[in-house]
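**Q** Structure provided below as structure tokens; questions to follow.
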Amino acid sequence: MNSPKSTALVLALPWGATLILFWLFPLVYSFVMGFTDYRLLVADYQWVGWSNYRELLLDPDFRAALKNTFVFVVGTIPVTTVVALGLALLVSQGFKGRGIFRAGFFLPSVTSMVVIALIFTNLYQRGGYVAMLAELVGLSPPEYGFLYDRGTALYSIMAMDVWMSVGYYMLIFLAGLKAIPDELYEAAEIAGAGKLRQFGAITLPLLRPVALFIVVINSIKSFQVFVEIFVMTKGKFDTATAVYFIYSEGLATHFRFGYASAAAYVLFVIIAVFSVVQFALLRRREALW
Amino acid sequence: MNRRCLLAALLCWLFGAGVQASETIEWWQFWTDPGVKPTIQAMVEEFEEANPDIKVKLTDLTWANGHEKIVIAFASGKAPDVLELGSDWIAQFAVHGHLAELTADALKDSADFRGWSMATYQGKVYAHPWILGTRVLFSNRDLLTKAGYEKDFIPADQQQFKEAAFKIGNLGRDIYGWGSNTAEKHRLYKKFLPFFWTAGAQLFTDDNKYCVLSSKKAADALRLYKELHDSCGYVATQRGIEDAFLDGRIGFILSGDWLLKRIELEKRDINLVSTLMPGPRFPGRSFLGGEFLALAEASTHKAAAAKLIEFITSPDNQARFCKAARSANPSSRAAQEDEYFRSNIHLQTFIKQIAMAKHPPVDPNWVEMETAIEEAVEDALFGSGLVAESLMKARIKIDKLRRQ
């Protein structure tokens, strides 16, 4: 018992038990549940095989939720990544008060999503500041507010999400920029390379691992978007995403745990495939450089 | 000396144990408002005084997640003895055997209360009506006068109501005839169903076999609702509509008695008119819902829990509770005769409307059906705009649900 191995085991036990109880067990249990017709209020349940998965494929609500999720992911990831990189480049310059800017850009990412969602719900309402801004630049805002229109609701939430996330990713890019040796830029300057050339030949390639990390992490987060949808639209006006669908099926309306579990695993597979593809694409380019 | 002290302590403990409550029952309820909670606590204390062998453990729920908590409690076998349930939930819990059927003793005075049909599923009664709620038509007298109506004008039918709403809507910029709810979950259908029922439409055939949501009468009701929405509607959340109404910017809204409480608490200066839902013939039908007290089937203290339900729902306690809540109507007919209700013209409107109101079907799948109805209304108002098609889609969804 006093051997280092035993001590290590004892010390790892709380973490190990937590992992098994609250991660592995639910993971396996929900996977098995996805093959049953288990409903929360019903004591008995049956093994239904792939029936839940077949039903999901034909469910127009699930397909709409997946479509909205893809729009969200594809719409936010590139914008967030590019804006975060731009901000990181800006605040990495040596100008007075840059600390304030860094803190200011980072602040939304440490603020509660619920609080931000409520603030933006107000901003997006009819006659709100966003509508006023739109009118100022000659655009006509949606009649009942940005969140009450099928054409703008999802995009408005996406814009809020980008605003909220860029600060966090900016910080990661900033760390990546700091890690690039100054000697490379000095050598490039001696060789006569301009700022743009330096950015294309040094900064971008060396930031690629950081960018890969950001894209993958942000994709996983975006595929799981829920809180902002729940707070701002409750999935109305074509904003229901995959996780909102899972919540709605499992906890809000139908209490179909089996069906919701199957939907969760479909999302899991999609995220896994998406992440693998991202890794493959970005790594291949890295090899070329 | 030490022995004497020990003996005294033992006697005290034994004596104390003798007067302690022999059973503790748990009651989950939703009234957390600081203006109402003390009344709930006072009623519980009085109950405990009258029943010294029973102790009540009170747990507060919120409307945001109370339903989920109840569902999980039933699923995990940890349900409390007594639960406050919304009328829409009773069948959902009863069908799976989570609620105890009320005994004949509990139903002995049933004629003295309204709302039993909302708690009756497949011929069995599962909860006691506590408070009832409906929606009435509120209007702004000043806007009606500006639109050219006499000072005692009340729309006698839907046609007059529609005309008045349109006239008010034409009074000028930022003045609207009608407060139209946006796609708010669990709210929109409560606004549409009064129009639906007033038009004589039904959700199901009389034998309850088929959904007839897409009937001509239903389509007419949705067309009228859409016409008001499109022509003179101020579209916002319920709260937003009420704000605009109290600011004098909306002529008509369909709302509950909580609006009266807001006017009183916020000292709003509005020339308020409350009237029954207008119909083709006056009056029309409104939406009826309520709060019920139910007994969990798994409770091991059913007799004590039933006593608590009887005490809380007694006419005196209902009247007392409703006075404190200022946004609830008693289910007790005797309590409805209380001077508090008789002396208030607006509360009288609510009492009258309750008698003319209709509740949704008591069906375990009602929450899903409600979603389908809301989607149809949303689609007609904010989406395709096609009334008949939207109702047909909802009908197909409901039929599918019932087949499951």
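Residues in the structure tokens are named by chain (A, B, ... in the order shown) and by number from 1 within that chain; ligands are numbered from 1 in the order shown.
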Within 10 Å of chain B, which residues of chain A show up when using only C-alpha atoms, listed as a ChimeraX atom specification?

**A** /A:39-43,125-126,143-145,148-151,233-238,251-255

**Q** Quick check for you: according to DSSP on this backbone, which residues of range 77-113 of chain A are classed as alpha helix (DSSP H)? Reply as a count of residues only.

**A** 25
